[in-house]
file model-v3.pdb (PDB, N, CA and C atoms and all ligand atoms)
ATOM      1  N   MET P   1    -170.626  44.206  -6.521  1.00  0.00           N
ATOM      2  CA  MET P   1    -171.128  42.853  -6.783  1.00  0.00           C
ATOM      3  C   MET P   1    -172.302  42.561  -5.857  1.00  0.00           C
ATOM      4  N   ALA P   2    -173.300  41.882  -6.375  1.00  0.00           N
ATOM      5  CA  ALA P   2    -174.462  41.523  -5.579  1.00  0.00           C
ATOM      6  C   ALA P   2    -174.138  40.339  -4.679  1.00  0.00           C
ATOM      7  N   LYS P   3    -174.928  40.238  -3.643  1.00  0.00           N
ATOM      8  CA  LYS P   3    -174.702  39.157  -2.687  1.00  0.00           C
ATOM      9  C   LYS P   3    -176.048  38.641  -2.194  1.00  0.00           C
ATOM     10  N   ILE P   4    -176.145  37.339  -2.000  1.00  0.00           N
ATOM     11  CA  ILE P   4    -177.365  36.800  -1.417  1.00  0.00           C
ATOM     12  C   ILE P   4    -177.041  36.107  -0.096  1.00  0.00           C
ATOM     13  N   ILE P   5    -178.020  36.180   0.790  1.00  0.00           N
ATOM     14  CA  ILE P   5    -177.916  35.490   2.073  1.00  0.00           C
ATOM     15  C   ILE P   5    -179.116  34.559   2.199  1.00  0.00           C
ATOM     16  N   VAL P   6    -178.862  33.291   2.440  1.00  0.00           N
ATOM     17  CA  VAL P   6    -179.941  32.338   2.708  1.00  0.00           C
ATOM     18  C   VAL P   6    -180.139  32.276   4.222  1.00  0.00           C
ATOM     19  N   ILE P   7    -181.375  32.535   4.647  1.00  0.00           N
ATOM     20  CA  ILE P   7    -181.711  32.439   6.066  1.00  0.00           C
ATOM     21  C   ILE P   7    -181.966  30.960   6.344  1.00  0.00           C
ATOM     22  N   ALA P   8    -180.977  30.320   6.924  1.00  0.00           N
ATOM     23  CA  ALA P   8    -180.920  28.856   6.984  1.00  0.00           C
ATOM     24  C   ALA P   8    -182.171  28.236   7.606  1.00  0.00           C
ATOM     25  N   GLU P   9    -182.649  28.825   8.674  1.00  0.00           N
ATOM     26  CA  GLU P   9    -183.777  28.210   9.395  1.00  0.00           C
ATOM     27  C   GLU P   9    -185.098  28.284   8.620  1.00  0.00           C
ATOM     28  N   ARG P  10    -185.163  29.150   7.597  1.00  0.00           N
ATOM     29  CA  ARG P  10    -186.392  29.246   6.804  1.00  0.00           C
ATOM     30  C   ARG P  10    -186.381  28.293   5.610  1.00  0.00           C
ATOM     31  N   CYS P  11    -185.234  27.817   5.230  1.00  0.00           N
ATOM     32  CA  CYS P  11    -185.125  27.029   3.998  1.00  0.00           C
ATOM     33  C   CYS P  11    -185.752  25.651   4.177  1.00  0.00           C
ATOM     34  N   LYS P  12    -186.563  25.260   3.185  1.00  0.00           N
ATOM     35  CA  LYS P  12    -187.183  23.929   3.207  1.00  0.00           C
ATOM     36  C   LYS P  12    -186.648  23.041   2.096  1.00  0.00           C
ATOM     37  N   SER P  13    -185.552  23.446   1.501  1.00  0.00           N
ATOM     38  CA  SER P  13    -184.847  22.592   0.540  1.00  0.00           C
ATOM     39  C   SER P  13    -185.686  22.290  -0.700  1.00  0.00           C
ATOM     40  N   CYS P  14    -186.581  23.194  -1.082  1.00  0.00           N
ATOM     41  CA  CYS P  14    -187.465  22.912  -2.220  1.00  0.00           C
ATOM     42  C   CYS P  14    -186.734  22.995  -3.559  1.00  0.00           C
ATOM     43  N   GLY P  15    -185.662  23.774  -3.605  1.00  0.00           N
ATOM     44  CA  GLY P  15    -184.867  23.854  -4.823  1.00  0.00           C
ATOM     45  C   GLY P  15    -185.345  24.861  -5.857  1.00  0.00           C
ATOM     46  N   TYR P  16    -186.397  25.618  -5.559  1.00  0.00           N
ATOM     47  CA  TYR P  16    -186.873  26.605  -6.544  1.00  0.00           C
ATOM     48  C   TYR P  16    -185.790  27.633  -6.867  1.00  0.00           C
ATOM     49  N   CYS P  17    -185.105  28.088  -5.854  1.00  0.00           N
ATOM     50  CA  CYS P  17    -184.064  29.097  -6.094  1.00  0.00           C
ATOM     51  C   CYS P  17    -182.960  28.534  -6.986  1.00  0.00           C
ATOM     52  N   VAL P  18    -182.631  27.278  -6.775  1.00  0.00           N
ATOM     53  CA  VAL P  18    -181.592  26.631  -7.590  1.00  0.00           C
ATOM     54  C   VAL P  18    -182.056  26.556  -9.042  1.00  0.00           C
ATOM     55  N   LYS P  19    -183.306  26.154  -9.214  1.00  0.00           N
ATOM     56  CA  LYS P  19    -183.846  25.943 -10.561  1.00  0.00           C
ATOM     57  C   LYS P  19    -183.979  27.246 -11.333  1.00  0.00           C
ATOM     58  N   PHE P  20    -184.391  28.317 -10.655  1.00  0.00           N
ATOM     59  CA  PHE P  20    -184.728  29.539 -11.370  1.00  0.00           C
ATOM     60  C   PHE P  20    -183.609  30.569 -11.430  1.00  0.00           C
ATOM     61  N   CYS P  21    -182.557  30.388 -10.702  1.00  0.00           N
ATOM     62  CA  CYS P  21    -181.429  31.342 -10.810  1.00  0.00           C
ATOM     63  C   CYS P  21    -180.840  31.259 -12.215  1.00  0.00           C
ATOM     64  N   PRO P  22    -180.820  32.364 -12.960  1.00  0.00           N
ATOM     65  CA  PRO P  22    -180.318  32.313 -14.340  1.00  0.00           C
ATOM     66  C   PRO P  22    -178.803  32.170 -14.420  1.00  0.00           C
ATOM     67  N   LYS P  23    -178.120  32.365 -13.319  1.00  0.00           N
ATOM     68  CA  LYS P  23    -176.652  32.328 -13.322  1.00  0.00           C
ATOM     69  C   LYS P  23    -176.078  31.078 -12.641  1.00  0.00           C
ATOM     70  N   GLU P  24    -176.938  30.180 -12.246  1.00  0.00           N
ATOM     71  CA  GLU P  24    -176.499  28.939 -11.585  1.00  0.00           C
ATOM     72  C   GLU P  24    -175.609  29.208 -10.371  1.00  0.00           C
ATOM     73  N   VAL P  25    -176.045  30.186  -9.598  1.00  0.00           N
ATOM     74  CA  VAL P  25    -175.308  30.558  -8.384  1.00  0.00           C
ATOM     75  C   VAL P  25    -175.552  29.565  -7.249  1.00  0.00           C
ATOM     76  N   LEU P  26    -176.763  29.024  -7.198  1.00  0.00           N
ATOM     77  CA  LEU P  26    -177.205  28.294  -6.008  1.00  0.00           C
ATOM     78  C   LEU P  26    -177.211  26.790  -6.187  1.00  0.00           C
ATOM     79  N   ALA P  27    -177.089  26.095  -5.076  1.00  0.00           N
ATOM     80  CA  ALA P  27    -177.242  24.636  -5.046  1.00  0.00           C
ATOM     81  C   ALA P  27    -177.742  24.262  -3.655  1.00  0.00           C
ATOM     82  N   ILE P  28    -178.337  23.089  -3.556  1.00  0.00           N
ATOM     83  CA  ILE P  28    -178.705  22.572  -2.238  1.00  0.00           C
ATOM     84  C   ILE P  28    -177.435  22.005  -1.608  1.00  0.00           C
ATOM     85  N   GLY P  29    -177.111  22.522  -0.453  1.00  0.00           N
ATOM     86  CA  GLY P  29    -175.869  22.113   0.191  1.00  0.00           C
ATOM     87  C   GLY P  29    -176.048  20.896   1.081  1.00  0.00           C
ATOM     88  N   SER P  30    -175.007  20.568   1.798  1.00  0.00           N
ATOM     89  CA  SER P  30    -175.069  19.405   2.697  1.00  0.00           C
ATOM     90  C   SER P  30    -175.359  19.816   4.136  1.00  0.00           C
ATOM     91  N   ALA P  31    -175.253  21.114   4.435  1.00  0.00           N
ATOM     92  CA  ALA P  31    -175.574  21.575   5.788  1.00  0.00           C
ATOM     93  C   ALA P  31    -177.083  21.478   6.011  1.00  0.00           C
ATOM     94  N   VAL P  32    -177.486  21.118   7.213  1.00  0.00           N
ATOM     95  CA  VAL P  32    -178.885  20.865   7.550  1.00  0.00           C
ATOM     96  C   VAL P  32    -179.319  21.831   8.649  1.00  0.00           C
ATOM     97  N   ASN P  33    -180.540  22.364   8.524  1.00  0.00           N
ATOM     98  CA  ASN P  33    -181.028  23.248   9.583  1.00  0.00           C
ATOM     99  C   ASN P  33    -181.720  22.444  10.688  1.00  0.00           C
ATOM    100  N   SER P  34    -182.279  23.147  11.653  1.00  0.00           N
ATOM    101  CA  SER P  34    -182.815  22.453  12.839  1.00  0.00           C
ATOM    102  C   SER P  34    -184.056  21.624  12.519  1.00  0.00           C
ATOM    103  N   LYS P  35    -184.673  21.896  11.350  1.00  0.00           N
ATOM    104  CA  LYS P  35    -185.838  21.102  10.952  1.00  0.00           C
ATOM    105  C   LYS P  35    -185.444  19.908  10.089  1.00  0.00           C
ATOM    106  N   GLY P  36    -184.181  19.788   9.805  1.00  0.00           N
ATOM    107  CA  GLY P  36    -183.701  18.646   9.036  1.00  0.00           C
ATOM    108  C   GLY P  36    -183.632  18.880   7.536  1.00  0.00           C
ATOM    109  N   TYR P  37    -183.837  20.127   7.091  1.00  0.00           N
ATOM    110  CA  TYR P  37    -183.754  20.425   5.665  1.00  0.00           C
ATOM    111  C   TYR P  37    -182.340  20.803   5.264  1.00  0.00           C
ATOM    112  N   GLU P  38    -181.905  20.286   4.130  1.00  0.00           N
ATOM    113  CA  GLU P  38    -180.607  20.702   3.589  1.00  0.00           C
ATOM    114  C   GLU P  38    -180.763  22.112   3.044  1.00  0.00           C
ATOM    115  N   ILE P  39    -179.822  22.960   3.360  1.00  0.00           N
ATOM    116  CA  ILE P  39    -179.953  24.400   3.120  1.00  0.00           C
ATOM    117  C   ILE P  39    -179.355  24.774   1.763  1.00  0.00           C
ATOM    118  N   ALA P  40    -180.119  25.611   1.025  1.00  0.00           N
ATOM    119  CA  ALA P  40    -179.579  26.143  -0.232  1.00  0.00           C
ATOM    120  C   ALA P  40    -178.409  27.065   0.078  1.00  0.00           C
ATOM    121  N   GLU P  41    -177.416  27.054  -0.789  1.00  0.00           N
ATOM    122  CA  GLU P  41    -176.259  27.927  -0.579  1.00  0.00           C
ATOM    123  C   GLU P  41    -175.728  28.415  -1.917  1.00  0.00           C
ATOM    124  N   ALA P  42    -174.989  29.511  -1.847  1.00  0.00           N
ATOM    125  CA  ALA P  42    -174.389  30.086  -3.054  1.00  0.00           C
ATOM    126  C   ALA P  42    -173.067  29.374  -3.324  1.00  0.00           C
ATOM    127  N   VAL P  43    -173.055  28.566  -4.364  1.00  0.00           N
ATOM    128  CA  VAL P  43    -171.823  27.846  -4.708  1.00  0.00           C
ATOM    129  C   VAL P  43    -170.985  28.629  -5.720  1.00  0.00           C
ATOM    130  N   HIS P  44    -171.628  29.574  -6.417  1.00  0.00           N
ATOM    131  CA  HIS P  44    -170.892  30.455  -7.334  1.00  0.00           C
ATOM    132  C   HIS P  44    -171.301  31.904  -7.065  1.00  0.00           C
ATOM    133  N   PRO P  45    -171.010  32.401  -5.877  1.00  0.00           N
ATOM    134  CA  PRO P  45    -171.478  33.752  -5.511  1.00  0.00           C
ATOM    135  C   PRO P  45    -170.940  34.841  -6.437  1.00  0.00           C
ATOM    136  N   GLU P  46    -169.794  34.589  -7.035  1.00  0.00           N
ATOM    137  CA  GLU P  46    -169.203  35.601  -7.925  1.00  0.00           C
ATOM    138  C   GLU P  46    -170.025  35.815  -9.191  1.00  0.00           C
ATOM    139  N   LYS P  47    -170.923  34.886  -9.502  1.00  0.00           N
ATOM    140  CA  LYS P  47    -171.745  35.020 -10.712  1.00  0.00           C
ATOM    141  C   LYS P  47    -173.041  35.779 -10.459  1.00  0.00           C
ATOM    142  N   CYS P  48    -173.361  36.072  -9.222  1.00  0.00           N
ATOM    143  CA  CYS P  48    -174.650  36.673  -8.894  1.00  0.00           C
ATOM    144  C   CYS P  48    -174.750  38.080  -9.470  1.00  0.00           C
ATOM    145  N   ASN P  49    -175.859  38.333 -10.181  1.00  0.00           N
ATOM    146  CA  ASN P  49    -176.066  39.650 -10.793  1.00  0.00           C
ATOM    147  C   ASN P  49    -177.096  40.489 -10.041  1.00  0.00           C
ATOM    148  N   GLY P  50    -177.582  39.966  -8.934  1.00  0.00           N
ATOM    149  CA  GLY P  50    -178.511  40.745  -8.123  1.00  0.00           C
ATOM    150  C   GLY P  50    -179.921  40.821  -8.668  1.00  0.00           C
ATOM    151  N   CYS P  51    -180.295  39.930  -9.559  1.00  0.00           N
ATOM    152  CA  CYS P  51    -181.610  40.009 -10.203  1.00  0.00           C
ATOM    153  C   CYS P  51    -182.754  39.748  -9.226  1.00  0.00           C
ATOM    154  N   ALA P  52    -182.464  39.043  -8.132  1.00  0.00           N
ATOM    155  CA  ALA P  52    -183.436  38.768  -7.061  1.00  0.00           C
ATOM    156  C   ALA P  52    -184.533  37.785  -7.450  1.00  0.00           C
ATOM    157  N   ILE P  53    -184.362  37.099  -8.557  1.00  0.00           N
ATOM    158  CA  ILE P  53    -185.342  36.063  -8.922  1.00  0.00           C
ATOM    159  C   ILE P  53    -185.413  35.001  -7.823  1.00  0.00           C
ATOM    160  N   CYS P  54    -184.279  34.633  -7.282  1.00  0.00           N
ATOM    161  CA  CYS P  54    -184.257  33.605  -6.228  1.00  0.00           C
ATOM    162  C   CYS P  54    -185.136  34.026  -5.056  1.00  0.00           C
ATOM    163  N   GLY P  55    -184.995  35.274  -4.643  1.00  0.00           N
ATOM    164  CA  GLY P  55    -185.776  35.760  -3.519  1.00  0.00           C
ATOM    165  C   GLY P  55    -187.265  35.793  -3.809  1.00  0.00           C
ATOM    166  N   ARG P  56    -187.616  36.112  -5.056  1.00  0.00           N
ATOM    167  CA  ARG P  56    -189.039  36.130  -5.423  1.00  0.00           C
ATOM    168  C   ARG P  56    -189.605  34.725  -5.531  1.00  0.00           C
ATOM    169  N   MET P  57    -188.799  33.784  -5.956  1.00  0.00           N
ATOM    170  CA  MET P  57    -189.280  32.413  -6.126  1.00  0.00           C
ATOM    171  C   MET P  57    -189.387  31.661  -4.809  1.00  0.00           C
ATOM    172  N   CYS P  58    -188.614  32.046  -3.826  1.00  0.00           N
ATOM    173  CA  CYS P  58    -188.578  31.280  -2.578  1.00  0.00           C
ATOM    174  C   CYS P  58    -189.911  31.406  -1.847  1.00  0.00           C
ATOM    175  N   PRO P  59    -190.620  30.300  -1.644  1.00  0.00           N
ATOM    176  CA  PRO P  59    -191.927  30.353  -0.991  1.00  0.00           C
ATOM    177  C   PRO P  59    -191.834  30.665   0.489  1.00  0.00           C
ATOM    178  N   ASP P  60    -190.646  30.603   1.035  1.00  0.00           N
ATOM    179  CA  ASP P  60    -190.475  30.802   2.471  1.00  0.00           C
ATOM    180  C   ASP P  60    -189.725  32.080   2.820  1.00  0.00           C
ATOM    181  N   GLY P  61    -189.493  32.924   1.843  1.00  0.00           N
ATOM    182  CA  GLY P  61    -188.823  34.191   2.115  1.00  0.00           C
ATOM    183  C   GLY P  61    -187.455  34.010   2.740  1.00  0.00           C
ATOM    184  N   ALA P  62    -186.757  32.988   2.275  1.00  0.00           N
ATOM    185  CA  ALA P  62    -185.497  32.617   2.924  1.00  0.00           C
ATOM    186  C   ALA P  62    -184.263  33.259   2.292  1.00  0.00           C
ATOM    187  N   ILE P  63    -184.461  34.069   1.244  1.00  0.00           N
ATOM    188  CA  ILE P  63    -183.285  34.648   0.578  1.00  0.00           C
ATOM    189  C   ILE P  63    -183.385  36.160   0.573  1.00  0.00           C
ATOM    190  N   ASP P  64    -182.360  36.803   1.082  1.00  0.00           N
ATOM    191  CA  ASP P  64    -182.218  38.259   0.986  1.00  0.00           C
ATOM    192  C   ASP P  64    -181.152  38.550  -0.055  1.00  0.00           C
ATOM    193  N   VAL P  65    -181.447  39.541  -0.912  1.00  0.00           N
ATOM    194  CA  VAL P  65    -180.496  39.930  -1.959  1.00  0.00           C
ATOM    195  C   VAL P  65    -180.004  41.339  -1.661  1.00  0.00           C
ATOM    196  N   TYR P  66    -178.686  41.519  -1.706  1.00  0.00           N
ATOM    197  CA  TYR P  66    -178.071  42.818  -1.445  1.00  0.00           C
ATOM    198  C   TYR P  66    -177.356  43.287  -2.694  1.00  0.00           C
ATOM    199  N   ARG P  67    -177.675  44.508  -3.112  1.00  0.00           N
ATOM    200  CA  ARG P  67    -177.032  45.061  -4.306  1.00  0.00           C
ATOM    201  C   ARG P  67    -176.250  46.296  -3.966  1.00  0.00           C
TER
HETATM  202  S1  LIG D   1    -180.012  37.328  -7.289  1.00  0.00           S
HETATM  203 FE1  LIG D   1    -180.323  36.412  -9.329  1.00  0.00          FE
HETATM  204  S2  LIG D   1    -178.271  35.778  -9.990  1.00  0.00           S
HETATM  205 FE2  LIG D   1    -178.152  36.161  -7.779  1.00  0.00          FE
HETATM  206  S3  LIG D   1    -178.500  34.136  -6.846  1.00  0.00           S
HETATM  207 FE3  LIG D   1    -180.498  35.164  -6.967  1.00  0.00          FE
HETATM  208  S4  LIG D   1    -181.411  34.499  -8.921  1.00  0.00           S
HETATM  209 FE4  LIG D   1    -179.218  34.014  -8.977  1.00  0.00          FE
HETATM  210  S1  LIG D   2    -186.392  28.499  -2.702  1.00  0.00           S
HETATM  211 FE1  LIG D   2    -186.152  29.048  -0.519  1.00  0.00          FE
HETATM  212  S2  LIG D   2    -186.880  27.265   0.623  1.00  0.00           S
HETATM  213 FE2  LIG D   2    -186.519  26.613  -1.494  1.00  0.00          FE
HETATM  214  S3  LIG D   2    -184.412  25.807  -1.486  1.00  0.00           S
HETATM  215 FE3  LIG D   2    -184.311  27.971  -2.071  1.00  0.00          FE
HETATM  216  S4  LIG D   2    -183.946  29.106  -0.151  1.00  0.00           S
HETATM  217 FE4  LIG D   2    -184.656  27.050   0.379  1.00  0.00          FE
END

call {"tool": "encode", "arguments": {"input": "model-v3.pdb", "output": "structure tokens"}}
result
Amino acid sequence: MAKIIVIAERCKSCGYCVKFCPKEVLAIGSAVNSKGYEIAEAVHPEKCNGCAICGRMCPDGAIDVYR
């Protein structure tokens, strides 16, 4: 199963990863990083297919995908 890791301190809460994930794995969470941004998180990690669209869409390079 594929897995994604959001690098919390890089996330700016833009929501691109949430919008473009075809499996609706991601959502903006309630946890906040040191810059005050709410961090994207995997709310349905079991659905992740490893396509890496989230990582490509993230303007801040905040998502690593492991397959
Ligand atoms: S790798 Fe693909 S399926 Fe998994 S969270 Fe990213 S966009 Fe969604
Ligand atoms: S695309 Fe990147 S910066 Fe934007 S919410 Fe997702 S992880 Fe955070």

call {"tool": "closest_residue", "arguments": {"input": "model-v3.pdb", "among": "P:Val65, P:Cys51, P:Ala40, P:Met1", "to": "Gly15 (chain P)", "atoms": "all atoms listed in the file"}}
result
P:Ala40

call {"tool": "axis_aligned_box", "arguments": {"input": "model-v3.pdb", "around": "ligand LIG 1 (chain D)", "padding_each_side": "4 Å", "output": "AutoDock Vina command-line options"}}
result
--center_x -179.8 --center_y 35.7 --center_z -8.4 --size_x 11.3 --size_y 11.3 --size_z 11.1

call {"tool": "select_by_dssp", "arguments": {"input": "model-v3.pdb", "residues": "chain P", "states": "strand (DSSP E or B)", "output": "NGL selection string"}}
result
:P and (3-6 or 26-32 or 38-42 or 63-66)

call {"tool": "closest_atom_pairs", "arguments": {"input": "model-v3.pdb", "of": "chain P", "to": "ligand LIG 1 (chain D)", "cutoff": "9 Å", "atoms": "only C-alpha atoms and all ligand atoms", "output": "CSV"}}
result
residue,atom,partner,partner_atom,distance
P:Ala2,CA,D:LIG1,FE2,6.9
P:Lys3,CA,D:LIG1,FE2,6.8
P:Ile4,CA,D:LIG1,S3,6.2
P:Cys17,CA,D:LIG1,S4,6.6
P:Val18,CA,D:LIG1,FE4,7.9
P:Phe20,CA,D:LIG1,S4,6.4
P:Cys21,CA,D:LIG1,S4,3.7
P:Pro22,CA,D:LIG1,FE4,5.7
P:Lys23,CA,D:LIG1,S2,5.1
P:Glu24,CA,D:LIG1,FE4,6.3
P:Val25,CA,D:LIG1,S3,5.0
P:Leu26,CA,D:LIG1,S3,6.0
P:Ala42,CA,D:LIG1,S3,6.9
P:His44,CA,D:LIG1,S3,8.5
P:Pro45,CA,D:LIG1,S3,7.2
P:Glu46,CA,D:LIG1,FE2,9.0
P:Lys47,CA,D:LIG1,S2,6.6
P:Cys48,CA,D:LIG1,FE2,3.7
P:Asn49,CA,D:LIG1,S2,4.5
P:Gly50,CA,D:LIG1,S1,3.8
P:Cys51,CA,D:LIG1,FE1,3.9
P:Ala52,CA,D:LIG1,S1,3.7
P:Ile53,CA,D:LIG1,S4,4.2
P:Cys54,CA,D:LIG1,S4,4.0
P:Gly55,CA,D:LIG1,FE3,6.3
P:Arg56,CA,D:LIG1,S4,8.5
P:Met57,CA,D:LIG1,S4,8.6
P:Ile63,CA,D:LIG1,FE3,8.1
P:Asp64,CA,D:LIG1,S1,8.6
P:Val65,CA,D:LIG1,S1,6.0
P:Tyr66,CA,D:LIG1,S1,8.2
P:Arg67,CA,D:LIG1,S1,8.8

call {"tool": "select_by_dssp", "arguments": {"input": "model-v3.pdb", "residues": "chain P", "states": "alpha helix (DSSP H)", "output": "PyMOL selection string"}}
result
chain P and resi 16-20+53-57

call {"tool": "resolve_selection", "arguments": {"input": "model-v3.pdb", "expression": "the PyMOL selection byres (((chain P and resi 10) around 8) and not hetatm)", "output": "MDAnalysis selection string"}}
result
chainID P and resid 6:9 11:13 33:34 39 59:63

call {"tool": "write_last_selection", "arguments": {"input": "model-v3.pdb", "atoms": "N, CA and C atoms", "output": "mmCIF file, keeping the file's coordinate frame"}}
result
data_model
loop_
_atom_site.group_PDB
_atom_site.id
_atom_site.type_symbol
_atom_site.label_atom_id
_atom_site.label_comp_id
_atom_site.auth_asym_id
_atom_site.auth_seq_id
_atom_site.Cartn_x
_atom_site.Cartn_y
_atom_site.Cartn_z
ATOM 1 N N VAL P 6 -178.862 33.291 2.440
ATOM 2 C CA VAL P 6 -179.941 32.338 2.708
ATOM 3 C C VAL P 6 -180.139 32.276 4.222
ATOM 4 N N ILE P 7 -181.375 32.535 4.647
ATOM 5 C CA ILE P 7 -181.711 32.439 6.066
ATOM 6 C C ILE P 7 -181.966 30.960 6.344
ATOM 7 N N ALA P 8 -180.977 30.320 6.924
ATOM 8 C CA ALA P 8 -180.920 28.856 6.984
ATOM 9 C C ALA P 8 -182.171 28.236 7.606
ATOM 10 N N GLU P 9 -182.649 28.825 8.674
ATOM 11 C CA GLU P 9 -183.777 28.210 9.395
ATOM 12 C C GLU P 9 -185.098 28.284 8.620
ATOM 13 N N CYS P 11 -185.234 27.817 5.230
ATOM 14 C CA CYS P 11 -185.125 27.029 3.998
ATOM 15 C C CYS P 11 -185.752 25.651 4.177
ATOM 16 N N LYS P 12 -186.563 25.260 3.185
ATOM 17 C CA LYS P 12 -187.183 23.929 3.207
ATOM 18 C C LYS P 12 -186.648 23.041 2.096
ATOM 19 N N SER P 13 -185.552 23.446 1.501
ATOM 20 C CA SER P 13 -184.847 22.592 0.540
ATOM 21 C C SER P 13 -185.686 22.290 -0.700
ATOM 22 N N ASN P 33 -180.540 22.364 8.524
ATOM 23 C CA ASN P 33 -181.028 23.248 9.583
ATOM 24 C C ASN P 33 -181.720 22.444 10.688
ATOM 25 N N SER P 34 -182.279 23.147 11.653
ATOM 26 C CA SER P 34 -182.815 22.453 12.839
ATOM 27 C C SER P 34 -184.056 21.624 12.519
ATOM 28 N N ILE P 39 -179.822 22.960 3.360
ATOM 29 C CA ILE P 39 -179.953 24.400 3.120
ATOM 30 C C ILE P 39 -179.355 24.774 1.763
ATOM 31 N N PRO P 59 -190.620 30.300 -1.644
ATOM 32 C CA PRO P 59 -191.927 30.353 -0.991
ATOM 33 C C PRO P 59 -191.834 30.665 0.489
ATOM 34 N N ASP P 60 -190.646 30.603 1.035
ATOM 35 C CA ASP P 60 -190.475 30.802 2.471
ATOM 36 C C ASP P 60 -189.725 32.080 2.820
ATOM 37 N N GLY P 61 -189.493 32.924 1.843
ATOM 38 C CA GLY P 61 -188.823 34.191 2.115
ATOM 39 C C GLY P 61 -187.455 34.010 2.740
ATOM 40 N N ALA P 62 -186.757 32.988 2.275
ATOM 41 C CA ALA P 62 -185.497 32.617 2.924
ATOM 42 C C ALA P 62 -184.263 33.259 2.292
ATOM 43 N N ILE P 63 -184.461 34.069 1.244
ATOM 44 C CA ILE P 63 -183.285 34.648 0.578
ATOM 45 C C ILE P 63 -183.385 36.160 0.573
#

call {"tool": "atom_distance", "arguments": {"input": "model-v3.pdb", "atom1": "atom C of Tyr16 (chain P)", "atom2": "atom C of Ser30 (chain P)"}}
result
17.1 Å

call {"tool": "atom_distance", "arguments": {"input": "model-v3.pdb", "atom1": "atom N of Lys19 (chain P)", "atom2": "atom S2 of ligand LIG 2 (chain D)"}}
result
10.5 Å

call {"tool": "atom_distance", "arguments": {"input": "model-v3.pdb", "atom1": "CA of Val32 (chain P)", "atom2": "CA of Cys58 (chain P)"}}
result
17.5 Å
